[in-house]
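**Q** Sending over a structure as structure tokens; questions will come in a sec.
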Amino acid sequence: MNTELKRTLRKLFKNPSAILGFTLLIFFTLVAIFAPLIAPPVNPMFPDENGNPMKLDNPYIMPILSWSSDPVAPSKDHPFGMIAGRDIFYGVVWGTRTAFKIGLIVVSASTLIGLIIGSIAGYFGGWVDEFLMRVTDIFLSIPFLLAAMVLTTILGSGLNKVMIAMVIFGWMATARLIRANILQVKEEQFVLAAKALGIKNFIIIVRHILPNTIFPVLVQATMRLGSLVITAAALSFLGLGAPIGYADWGSMLNYTRNYILGASGQAFTYWYTVFYPGMAMVLFVLAWNLVGDALRDVFDPKLK
Amino acid sequence: MSEKRVLVKVDNLVKYFPIRAGVFKRIVAWVRAVDDVSFEIYEGETVGLVGESGCGKTTVGMTLLRLYEPTSGRIIVDNEDTTFYFMPKFKAKKYLQKTYIEKFKKEDPSSFTGIDKKYYDLYKELGESGFYNKLLSELNEKKSEFRKTMQIVFQDPYSSLNPRIRIKTIVSEGPVLHKVIKKSEVIDKVKAALEEVGIHGDHMYRFPHQFSGGQRQRIGIARSLLMNPKLIVADEAVAALDVSIRSQVINLMLDLQKKHNLTYLFISHDLSVIKYMSDRVIVMYLGKIVENASKKELFDEPLHPYTRALMSAIPVPNPDYKKKRIILKGDVPSPVNPPSGCRFHPRCPVAKEICSKEEPQLREVKPGHFVACHFPGSLK
Ligand SMILES: Nc1ncnc2c1ncn2[C@@H]1O[C@H](COP(=O)(O)OP(=O)(O)OP(=O)(O)O)[C@@H](O)[C@H]1O
Ligand code: SF4
Ligand SMILES: [Mg+2]
């Protein structure tokens with residue numbers, strides 16, 4: 001196993017796109033972890049009695065630093081510029097945490113649901129499978145944005161509600177994938193041998209089937225992690241997601257709606273309002289995709 | 001074998017697979033993979049099960065081991081009805097009612113034999129509800145006993161071992177679960193079992209991909225062996241191996257049989273392997289048993305036309321001996337719509353009118369020699 005692990009790692013680090021993916025991912029992780037140091041959650045507009053800037057109650061709400069809502073070009077104090085009175089640099093840094101939060105929570109929850117539903121359907125087959133797959137089809141047939149809008153009108157808007165919507169409508173691909181894999185592995189003779197040995201169903205699934213089927217699911221989950229941030233951004237852009245001023249890349253793009261085309265005759269005047277949050281998002285998606293790709297190569301037994 | 005004891009008795013075993021189609025996946029037809037077969041396996045013998053591809057050999061083996069649930073029929077192991085062990089409780093009770101209670105209430109008790117008699121005595125002693133309680137109690141222990149008694153060795157050495165688990169776990173998982181061996185003895189017992197099948201004991205920490213096909217097959221045998229079974233179903237256990245390795249594995253199985261007094265149901269489409277291994281041979285055609293006889297009887301004087309045709313296809317080592325090869329016309333029909341009467345009649349060279357109308361029953365035409373044919377021995 002150890003030699004195998006070494007071989008795998010060596011292979012990973014020979015692949016330039018894998019290196020890029022992992023580097024970006026490590027970078028984002030560091031930014032997320034050290035956000036309070038990189039962009040201290042304070043508001044210098046309101047000093048306390050000792051003259052220190054006021055600490056923010058909720059660091060995810062970007063402090064308002066100026067009463068003008070028009071974009072302000074990058075400067076020494078605000079390297080990414082400002083919009084709606086808020087510092088874009090601050091938003092991008094703390095938005096990294098939001099992106100991880102959305103991605104990790106939604107992906108783990110929806111993958112877990114998909115895993116359970118898909119495993120039960122695939123392993124037990126028959127009417128159980130039939131029923132669960134019909135339910136999956138129904139969920140798949142509902143357009144996600146529409147469903148998210150309906151759900152947020154019922155539950156109320158906000159980032160948590162959007163995440164709930166993304167979990168409720170995010171498990172189907174995993175369920176289908178794991179079911180298809182299980183159907184395949186279930187016919188393998190080692191599964192039949194385990195049954196003939198009287199091994200309990202639960203153990204057969206956990207010990208014999210999932211380890212031989214789970215890697216494609218992990219790869220899929222990794223890839224999805226990035227794209228979920230885009231989905232969340234789309235919802236924020238529609239005003240369903242994070243509240244106003246929340247450090248979230250999607251919501252920040254929402255501010256730029258009025259400025260995307262720049263001032264008349266100068267299309268790119270306010271480029272920084274779109275560029276920095278947009279770039280963060282693109283690189284985040286890219287990182288997860290490259291990592292997912294690398295994992296696929298590693299786990300694919302055909303390439304061993 | 002002086003005194004023959006029945007280890008497994010299969011009565012009227014039926015296994016149909018549904019064919020589903022359409023949006024609602026409704027059942028549109030049935031594959032009659034095994035259609036009413038009965039046979040016995042005696043302790044210590046090797047029964048060869050032979051027939052063309054698709055005739056239902058694997059299905060018989062898998063149903064016997066309850067990897068498939070039988071559609072109907074009865075499977076008696078060690079003089080206990082095991083048919084209901086894997087059913088939900090209400091179905092099990094219904095099964096017992098239909099199979100035993102109704103019969104006990106209607107029929108003359110003096111006509112009961114074997115398991116019927118045993119269970120009738122139980123019913124007399126305990127009454128109806130006592131009978132159910134007794135048979136339906138301790139089902140987990142009974143299932144465990146069943147799993148210990150019957151094991152299987154599969155065909156494909158590459159698919160029969162989980163690639164992500166070490167040999168030690170693969171071999172000891174079942175025996176530990178059923179308390180055949182204690183957790184503390186795992187290493188010693190696995191080592192002994194591996195060495196018995198010709199694998200170095202220290203290799204128990206390896207993964208399956210570090211072994212050759214023949215070695216993997218040996219590991220599969222060790223896995224079954226450590227359960228301390230009475231019966232091992234070997235489904236094409238050597239078919240996937242190279243010829244040179246094949247005979248080694250066959251001889252290993254024969255050695256183990258002597259040492260552990262094992263009983264084998266040896267499934268193969270290869271008559272020469274069957275001839276080498278078996279004491280008795282069962283021939284299947286399209287889900288039915290057509291002939292069941294001792295090896296000597298069957299190879300010396302096959303009575304069913306289908307068996308004769310199969311025999312004529314075995315290559316003979318002596319070229320001077322001219323054997324008339326019987327070529328069967330047509331293909332094996334589909335088990336979805338099997339032919340009427342005798343299922344072999346569209347291809348049988350000696351079929352008569354009655355053959356398409358009446359189904360021949362499996363009859364004992366000579367002591368211990370069963371044939372399902374209206375005109376046994378007529379194809380020369
Ligand atoms: N799980 C299943 N579902 C549906 N049909 C099946 C299933 N298993 C077997 N069958 C069908 O039942 C029939 C008997 O199959 P079985 O595998 O028992 O034959 P076999 O004698 O073992 O053949 P082979 O020599 O090819 O292994 C075949 O027609 C097969 O297509
Ligand atoms: S019953 Fe008739 S068709 Fe069937 S094998 Fe005998 S002779 Fe042939
Ligand atoms: Mg088979």
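Chain labels run A, B, ... following the order of the structure tokens; each chain numbers its residues from 1, and ligands are numbered from 1 in the order shown.
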Taking only C-alpha atoms and all ligand atoms into account, report as a list in words which residues have an atom no farther than 9 Å from an atom of ligand 3.
**A**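 Listed by chain and ascending number, the contacts are Ser53, Gly54, Cys55, Gly56, Lys57, Thr58, Thr59, Gly61, Gln155, Asp235, Glu236, Ile267, Ser268 and His269 of chain B.
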**Q** Could you tell me, counting only C-alpha atoms and all ligand atoms, which protein and nucleic acid residues lie no more than 9 Å from ligand 2, written as a PyMOL selection string?
**A** chain B and resi 290+304-306+341-356+358-360+371-379
**Q** Using only C-alpha atoms and a cut-off of 8 Å, which residues of chain A sit close to chain B? Please list them as a PyMOL selection string.
**A** chain A and resi 188-199+208+211-212
**Q** Out of A:Pro143, A:Gly122, A:Gly85, A:Pro243, which residue has the shortest atom-to-atom distance to Val185 (chain A) when counting only C-alpha atoms?
**A** A:Gly122
**Q** Given the choices A:Ala165, A:Val72, A:Leu183, A:Phe46, which gets closest to ligand 1 if the distance is worked out from only C-alpha atoms and all ligand atoms?
**A**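 The shortest atom-to-atom distance to ligand 1 comes from A:Leu183.
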**Q** Need the shell around Ala32 (chain A): protein/DNA/RNA residues with any atom at most 7 Å away, counting only C-alpha atoms. Skip same-chain ones fewer than 6 positions apart. Format as a PyMOL selection string?
**A** chain A and resi 93-94+96-97
**Q** Which residues come within 9 Å of region 222-239 of chain A, counting only C-alpha atoms, excluding same-chain residues fewer than 3 positions away, as a count of residues only?
**A** 44
**Q** B:Leu13, B:Val365, B:Leu286, B:Leu64: which is nearest ligand 1, counting only C-alpha atoms and all ligand atoms?
**A**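 When distances to ligand 1 are compared using only C-alpha atoms and all ligand atoms, the smallest one comes from B:Leu286.
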**Q** Any chance you could tabulate, as a tab-separated table, the residues of chain A at most 12 Å from ligand 1 with each one's nearest atom pair and distance in Å to one decimal, using only C-alpha atoms and all ligand atoms, in chain and rising number order?
**A**
residue	atom	partner	partner_atom_place_in_ligand_line	distance
A:Gly125	CA	ligand 1	1 (N)	11.7
A:Gly126	CA	ligand 1	3 (N)	12.0
A:Leu183	CA	ligand 1	1 (N)	11.8
A:Lys186	CA	ligand 1	1 (N)	11.3
A:Glu187	CA	ligand 1	1 (N)	9.0
**Q** May I have the residues from that selection written out with N, CA and C atoms, as a compact mmCIF listing (two decimals), in the first residue's frame?
**A**
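Output file result_1.txt follows:
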# COMPACT_ATOMS: atom_id res chain seq x y z
N GLY A 125 -32.22 -3.27 -5.54
CA GLY A 125 -32.89 -3.48 -6.82
C GLY A 125 -34.41 -3.56 -6.66
N GLY A 126 -35.05 -4.19 -7.66
CA GLY A 126 -36.49 -4.44 -7.58
C GLY A 126 -37.31 -3.16 -7.45
N LEU A 183 -24.63 -1.44 -9.55
CA LEU A 183 -25.22 -2.48 -10.38
C LEU A 183 -24.13 -3.31 -11.03
N LYS A 186 -22.12 -5.21 -8.16
CA LYS A 186 -22.97 -6.20 -7.49
C LYS A 186 -22.88 -7.57 -8.15
N GLU A 187 -22.64 -7.57 -9.45
CA GLU A 187 -22.56 -8.84 -10.16
C GLU A 187 -21.17 -9.47 -10.04
**Q** Would you compute the distance between CA of Pro44 (chain A) and CA of Lys101 (chain A)? Give it in Å to one decimal.
**A**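 These atoms are spaced 27.2 Å apart.
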**Q** Quick one, how far is CA of Asn133 (chain B) from CA of Glu69 (chain B)?
**A** 22.7 Å
